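K.L.:
Quick one, data17.cif (mmCIF, C-alpha atoms):
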data_my_file
loop_
_atom_site.label_atom_id
_atom_site.label_comp_id
_atom_site.auth_asym_id
_atom_site.auth_seq_id
_atom_site.Cartn_x
_atom_site.Cartn_y
_atom_site.Cartn_z
CA MET Y 197 101.33 99.93 91.90
CA PRO Y 198 103.82 102.13 93.68
CA GLY Y 199 106.64 102.69 91.29
CA PRO Y 200 106.97 106.37 90.48
CA ASP Y 201 110.19 106.46 92.48
CA ALA Y 202 111.65 103.93 90.07
CA PRO Y 203 114.85 104.60 88.19
CA GLU Y 204 114.36 105.59 84.60
CA THR Y 205 116.71 103.15 82.93
CA PRO Y 206 115.40 99.74 81.86
CA GLY Y 207 118.39 97.97 83.43
CA ALA Y 208 117.48 99.34 86.85
CA VAL Y 209 114.25 97.37 87.13
CA ALA Y 210 115.97 94.68 89.19
CA GLY Y 211 119.28 94.43 90.97
CA ALA Y 212 122.35 92.60 89.79
CA ALA Y 213 121.87 89.00 88.67
CA GLY Y 214 118.10 89.48 88.54
CA GLU Y 215 117.78 90.17 92.25
CA PRO Y 216 114.88 92.40 93.32
CA ARG Y 217 115.52 96.13 93.50
CA LYS Y 218 116.34 97.18 97.08
CA VAL Y 219 113.78 99.70 98.33
CA ALA Y 220 113.35 101.63 101.59
CA ARG Y 221 109.83 102.84 102.44
CA VAL Y 222 108.68 105.00 105.33
CA VAL Y 223 105.61 104.59 107.53
CA LEU Y 224 105.59 108.21 108.65
CA LEU Y 225 103.35 109.08 111.59
CA ASP Y 226 102.55 112.54 112.92
CA PRO Y 227 101.79 113.41 116.58
CA ARG Y 228 98.12 112.44 115.98
CA ASP Y 229 99.16 108.98 114.65
CA ARG Y 230 98.13 109.86 111.11
CA ILE Y 231 100.12 108.21 108.31
CA LEU Y 232 101.38 110.15 105.30
CA LEU Y 233 100.60 108.52 101.96
CA MET Y 234 101.40 109.55 98.41
CA HIS Y 235 98.84 109.42 95.62
CA GLY Y 236 100.11 108.06 92.33
CA CYS Y 237 98.89 106.86 88.99
CA GLU Y 238 100.03 105.13 85.87
CA PRO Y 239 101.69 107.97 83.87
CA ASP Y 240 99.53 107.44 80.78
CA ASP Y 241 96.32 106.51 82.63
CA PRO Y 242 95.36 108.84 85.54
CA ASP Y 243 92.31 106.64 86.27
CA ASP Y 244 94.67 103.77 87.25
CA ASP Y 245 95.62 105.21 90.64
CA TRP Y 246 96.58 104.19 94.17
CA TRP Y 247 98.01 105.41 97.49
CA PHE Y 248 101.40 104.29 98.82
CA THR Y 249 104.05 105.05 101.41
CA PRO Y 250 106.96 107.37 100.55
CA GLY Y 251 110.22 105.70 99.65
CA GLY Y 252 112.28 104.35 96.83
CA GLY Y 253 115.33 102.53 95.61
CA LEU Y 254 118.80 102.73 97.08
CA GLU Y 255 121.31 104.83 95.16
CA GLY Y 256 124.98 103.91 94.96
CA SER Y 257 126.33 102.63 98.26
CA GLU Y 258 123.72 104.23 100.53
CA THR Y 259 122.13 102.20 103.30
CA ARG Y 260 118.41 101.57 103.48
CA GLU Y 261 118.23 104.08 106.34
CA GLU Y 262 119.94 106.73 104.21
CA ALA Y 263 117.66 105.94 101.26
CA ALA Y 264 114.56 106.18 103.48
CA LEU Y 265 115.50 109.66 104.72
CA ARG Y 266 116.61 110.90 101.26
CA GLU Y 267 113.46 109.64 99.55
CA LEU Y 268 111.25 111.09 102.28
CA ALA Y 269 112.89 114.50 101.89
CA GLU Y 270 112.68 114.40 98.07
CA GLU Y 271 109.10 113.16 97.88
CA THR Y 272 107.53 115.04 100.81
CA GLY Y 273 109.91 117.84 101.81
CA ILE Y 274 109.84 116.47 105.36
CA THR Y 275 113.28 116.43 106.95
CA GLU Y 276 112.53 116.67 110.68
CA VAL Y 277 112.17 112.94 111.24
CA GLU Y 278 112.94 110.42 113.93
CA LEU Y 279 113.64 107.25 111.95
CA GLY Y 280 112.77 104.12 113.87
CA PRO Y 281 113.14 100.41 113.22
CA VAL Y 282 112.24 98.34 110.19
CA ILE Y 283 108.74 97.10 110.99
CA TRP Y 284 107.76 95.22 107.82
CA ARG Y 285 109.43 93.62 104.83
CA ARG Y 286 107.89 92.42 101.59
CA ILE Y 287 108.73 91.27 98.10
CA CYS Y 288 106.51 92.69 95.39
CA SER Y 289 106.25 92.62 91.62
CA PHE Y 290 104.07 94.92 89.57
CA PRO Y 291 103.71 96.55 86.16
CA PHE Y 292 104.37 100.27 85.99
CA ASP Y 293 105.18 102.60 83.11
CA GLY Y 294 105.40 99.74 80.61
CA ARG Y 295 107.81 97.62 82.67
CA ARG Y 296 107.66 94.98 85.39
CA TRP Y 297 109.24 95.96 88.70
CA HIS Y 298 110.55 93.41 91.25
CA GLN Y 299 111.29 94.93 94.64
CA ASP Y 300 112.52 93.92 98.09
CA GLU Y 301 110.90 96.58 100.28
CA TRP Y 302 111.81 97.41 103.88
CA TYR Y 303 109.34 99.64 105.75
CA PHE Y 304 110.79 101.92 108.43
CA LEU Y 305 108.67 103.42 111.18
CA ALA Y 306 109.27 107.15 111.51
CA ARG Y 307 107.78 110.02 113.50
CA THR Y 308 107.58 113.71 112.73
CA ALA Y 309 105.94 116.87 114.02
CA GLN Y 310 106.50 118.49 110.60
CA THR Y 311 103.11 117.99 108.93
CA ALA Y 312 103.41 120.46 106.04
CA ALA Y 313 104.40 118.29 103.09
CA ALA Y 314 105.19 119.05 99.45
CA PRO Y 315 107.47 117.23 97.03
CA ARG Y 316 110.76 119.02 96.47
CA ALA Y 317 112.89 116.84 94.19
CA LEU Y 318 110.81 114.46 92.07
CA THR Y 319 112.26 112.56 89.15
CA GLU Y 320 110.73 113.10 85.71
CA LEU Y 321 108.76 109.85 86.08
CA GLU Y 322 107.53 110.91 89.53
CA ARG Y 323 106.39 114.29 88.14
CA ARG Y 324 104.25 112.37 85.62
CA SER Y 325 102.80 109.94 88.15
CA VAL Y 326 102.65 111.45 91.67
CA THR Y 327 99.48 113.49 92.11
CA GLY Y 328 99.46 114.38 95.79
CA LEU Y 329 100.11 113.70 99.46
CA ARG Y 330 97.66 113.18 102.29
CA TRP Y 331 97.71 112.43 106.01
CA TRP Y 332 95.29 109.58 106.87
CA THR Y 333 93.88 108.49 110.22
CA SER Y 334 93.68 104.77 110.88
CA ALA Y 335 89.87 104.97 110.64
CA GLU Y 336 90.02 106.78 107.28
CA LEU Y 337 92.42 104.20 105.92
CA SER Y 338 90.23 101.33 107.17
CA SER Y 339 87.19 102.73 105.37
CA ALA Y 340 89.00 103.83 102.20
CA ARG Y 341 87.66 102.53 98.91
CA GLU Y 342 90.80 103.56 97.04
CA THR Y 343 93.60 101.14 96.26
CA VAL Y 344 96.38 101.31 98.87
CA TYR Y 345 99.73 99.50 98.88
CA PRO Y 346 100.65 97.36 100.60
CA THR Y 347 97.11 96.07 100.29
CA LYS Y 348 96.73 95.26 103.98
CA LEU Y 349 98.10 98.62 105.16
CA ALA Y 350 94.98 99.55 107.15
CA GLY Y 351 95.22 96.44 109.34
CA LEU Y 352 98.99 96.69 109.61
CA LEU Y 353 98.70 100.29 110.79
CA ARG Y 354 95.99 99.44 113.32
CA THR Y 355 98.16 96.65 114.76
CA LEU Y 356 101.18 98.97 114.86
CA LEU Y 357 99.22 101.66 116.72
CA ASP Y 358 97.66 99.14 119.13
CA GLU Y 359 100.73 97.01 119.86
CA GLY Y 360 103.71 99.20 118.98
CA PRO Y 361 106.54 98.21 116.66
CA PRO Y 362 107.30 94.49 116.41
CA SER Y 363 110.53 93.23 118.01
CA THR Y 364 111.65 91.94 114.60
CA PRO Y 365 110.34 92.99 111.18
CA VAL Y 366 107.13 91.26 110.09
CA VAL Y 367 107.58 89.56 106.73
CA LEU Y 368 104.48 90.35 104.69
CA ALA Y 369 103.13 87.97 102.06
CA PRO Y 370 104.59 88.67 98.62
CA GLU Y 371 102.42 90.90 96.47
CA ILE Y 372 102.38 90.06 92.77
CA VAL Y 373 100.15 92.27 90.65
#
Let's see the structure in the file written out as structure tokens.
P.N.:
Amino acid sequence: MPGPDAPETPGAVAGAAGEPRKVARVVLLDPRDRILLMHGCEPDDPDDDWWFTPGGGLEGSETREEAALRELAEETGITEVELGPVIWRRICSFPFDGRRWHQDEWYFLARTAQTAAAPRALTELERRSVTGLRWWTSAELSSARETVYPTKLAGLLRTLLDEGPPSTPVVLAPEIV
């Protein structure tokens, strides 16, 4: 499950008073409408792997928008971005690196012409669990046999490309792994 961007202290698994960790994710599209996904794995089990959108937890008093742009730059090196609206929201809970993570994720639509991508500031946990980046077409994502999070990303992307961004964020079904 996508968690390599997670903080490295056990107390950071959830927010204050047991609230889910606030996370900003980015649905980054290039001029050809390809989406950039990160490939990750369980740090001690490279065969337990998946693809996921860039993003991570808020730091200090930053906004979700600020976190989305910071995480995108750190994880992909991409800084030439037009950040759009929040298009999806979801609550998820998953095991990763020996802990259970509870997250409130907001997905921002973003566009870029900068397609060269390489991580530039990964945390120690990310260095152990992020194994690559790849641009995917909608068709490639629809036919993928790999695990992708959120699990319905292929259909969500197709709808986004066909209909444009929703007028208000779509609340996705909670994902508990």
K.L.:
Could you tell me, as a list in words, exactly which residues end up selected when the PyMOL selection byres ((chain Y and resi 338-352) around 9) is applied to this structure?
P.N.:
Met197, Pro198, Leu233, Asp245, Trp246, Trp247, Phe248, Thr249, Arg286, Thr333, Ser334, Ala335, Glu336, Leu337, Leu353, Arg354, Thr355, Leu356, Leu357, Leu368 and Glu371 of chain Y
K.L.:
What do you get, as a list of chain:residue names, if you spell out every residue that the PyMOL selection byres ((chain Y and resi 363) around 10) selects here?
P.N.:
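For this structure, the PyMOL selection byres ((chain Y and resi 363) around 10) resolves to Y:Pro281, Y:Val282, Y:Ile283, Y:Gly360, Y:Pro361, Y:Pro362, Y:Thr364, Y:Pro365, Y:Val366.
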K.L.:
Keeping C-alpha atoms for every residue in the selection just given, could you write it to a file as an mmCIF file, in the frame of the given file?
P.N.:
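The result, written out as part32.cif:
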data_model
loop_
_atom_site.group_PDB
_atom_site.id
_atom_site.type_symbol
_atom_site.label_atom_id
_atom_site.label_comp_id
_atom_site.auth_asym_id
_atom_site.auth_seq_id
_atom_site.Cartn_x
_atom_site.Cartn_y
_atom_site.Cartn_z
ATOM 1 C CA PRO Y 281 113.140 100.410 113.220
ATOM 2 C CA VAL Y 282 112.240 98.340 110.190
ATOM 3 C CA ILE Y 283 108.740 97.100 110.990
ATOM 4 C CA GLY Y 360 103.710 99.200 118.980
ATOM 5 C CA PRO Y 361 106.540 98.210 116.660
ATOM 6 C CA PRO Y 362 107.300 94.490 116.410
ATOM 7 C CA THR Y 364 111.650 91.940 114.600
ATOM 8 C CA PRO Y 365 110.340 92.990 111.180
ATOM 9 C CA VAL Y 366 107.130 91.260 110.090
#
K.L.:
Could you state the separation of atom CA of Trp302 of chain Y and atom CA of Glu258 of chain Y in Å, given to one decimal place?
P.N.:
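Straight-line distance from atom CA of Trp302 of chain Y to atom CA of Glu258 of chain Y works out to 14.1 Å.
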K.L.:
In Å, how far is it from atom CA of Glu322 of chain Y to atom CA of Leu305 of chain Y?
P.N.:
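Between atom CA of Glu322 of chain Y and atom CA of Leu305 of chain Y the gap works out to 22.9 Å.
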K.L.:
Residues near Pro242 of chain Y, anyone? I mean within 12 Å using only C-alpha atoms, not counting same-chain ones fewer than 2 positions away, as a PyMOL selection string.
P.N.:
chain Y and resi 235-240+244-246+293+324-327
K.L.:
On this structure, the PyMOL selection byres ((chain Y and resi 218) around 9) would catch which residues? List them as a PDB file with C-alpha atoms, in the frame of the given file, sorted by chain and number.
P.N.:
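See part-v3.pdb below for the written result:
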ATOM      1  CA  ALA Y 210     115.970  94.680  89.190  1.00  0.00           C
ATOM      2  CA  GLY Y 211     119.280  94.430  90.970  1.00  0.00           C
ATOM      3  CA  GLU Y 215     117.780  90.170  92.250  1.00  0.00           C
ATOM      4  CA  PRO Y 216     114.880  92.400  93.320  1.00  0.00           C
ATOM      5  CA  ARG Y 217     115.520  96.130  93.500  1.00  0.00           C
ATOM      6  CA  VAL Y 219     113.780  99.700  98.330  1.00  0.00           C
ATOM      7  CA  ALA Y 220     113.350 101.630 101.590  1.00  0.00           C
ATOM      8  CA  GLY Y 252     112.280 104.350  96.830  1.00  0.00           C
ATOM      9  CA  GLY Y 253     115.330 102.530  95.610  1.00  0.00           C
ATOM     10  CA  LEU Y 254     118.800 102.730  97.080  1.00  0.00           C
ATOM     11  CA  ARG Y 260     118.410 101.570 103.480  1.00  0.00           C
ATOM     12  CA  GLN Y 299     111.290  94.930  94.640  1.00  0.00           C
ATOM     13  CA  ASP Y 300     112.520  93.920  98.090  1.00  0.00           C
ATOM     14  CA  GLU Y 301     110.900  96.580 100.280  1.00  0.00           C
ATOM     15  CA  TRP Y 302     111.810  97.410 103.880  1.00  0.00           C
TER      16      TRP Y 302
END
K.L.:
Can you work out the spacing between atom CA of Pro291 of chain Y and atom CA of Ile231 of chain Y in Å, to one decimal?
P.N.:
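Value for the atom CA of Pro291 of chain Y-atom CA of Ile231 of chain Y distance: 25.3 Å.
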K.L.:
Write out as a list of chain:residue names which residues come within 7 Å of segment 270-273 of chain Y when counting all atoms listed in the file, dropping same-chain ones fewer than 2 positions away.
P.N.:
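Selected residues are Y:Pro250, Y:Arg266, Y:Glu267, Y:Leu268, Y:Thr275, Y:Ala313, Y:Ala314, Y:Pro315, Y:Arg316, Y:Ala317, Y:Leu318.
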K.L.:
Please, could you write that set of residues out with C-alpha atoms as an mmCIF file, in the frame of the given file?
P.N.:
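So part_31.cif came out as:
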data_model
loop_
_atom_site.group_PDB
_atom_site.id
_atom_site.type_symbol
_atom_site.label_atom_id
_atom_site.label_comp_id
_atom_site.auth_asym_id
_atom_site.auth_seq_id
_atom_site.Cartn_x
_atom_site.Cartn_y
_atom_site.Cartn_z
ATOM 1 C CA PRO Y 250 106.960 107.370 100.550
ATOM 2 C CA ARG Y 266 116.610 110.900 101.260
ATOM 3 C CA GLU Y 267 113.460 109.640 99.550
ATOM 4 C CA LEU Y 268 111.250 111.090 102.280
ATOM 5 C CA THR Y 275 113.280 116.430 106.950
ATOM 6 C CA ALA Y 313 104.400 118.290 103.090
ATOM 7 C CA ALA Y 314 105.190 119.050 99.450
ATOM 8 C CA PRO Y 315 107.470 117.230 97.030
ATOM 9 C CA ARG Y 316 110.760 119.020 96.470
ATOM 10 C CA ALA Y 317 112.890 116.840 94.190
ATOM 11 C CA LEU Y 318 110.810 114.460 92.070
#
K.L.:
Hey, which of Y:Met234, Y:Gly328, Y:Trp297, Y:Tyr303 ends up closest to Arg285 of chain Y? Count all atoms listed in the file.
P.N.:
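For Arg285 of chain Y, the nearest of the candidates is Y:Tyr303.
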K.L.:
Using all atoms listed in the file - which residues lie no farther than 8 Å from the point (113.5, 112.9, 111.7) in the file's frame? Write them as a PyMOL selection string.
P.N.:
chain Y and resi 265+275-279+306-308
K.L.:
Using only C-alpha atoms, collect all residues at a distance of at most 6 Å from (106.5, 90.4, 93.5) as written in the file, then present them as a ChimeraX atom specification.
P.N.:
/Y:287-289,298,370-372
K.L.:
Give me a file of those residues, with C-alpha atoms, as a compact mmCIF listing (two decimals), in the coordinates of the input.
P.N.:
# COMPACT_ATOMS: atom_id res chain seq x y z
CA ILE Y 287 108.73 91.27 98.10
CA CYS Y 288 106.51 92.69 95.39
CA SER Y 289 106.25 92.62 91.62
CA HIS Y 298 110.55 93.41 91.25
CA PRO Y 370 104.59 88.67 98.62
CA GLU Y 371 102.42 90.90 96.47
CA ILE Y 372 102.38 90.06 92.77
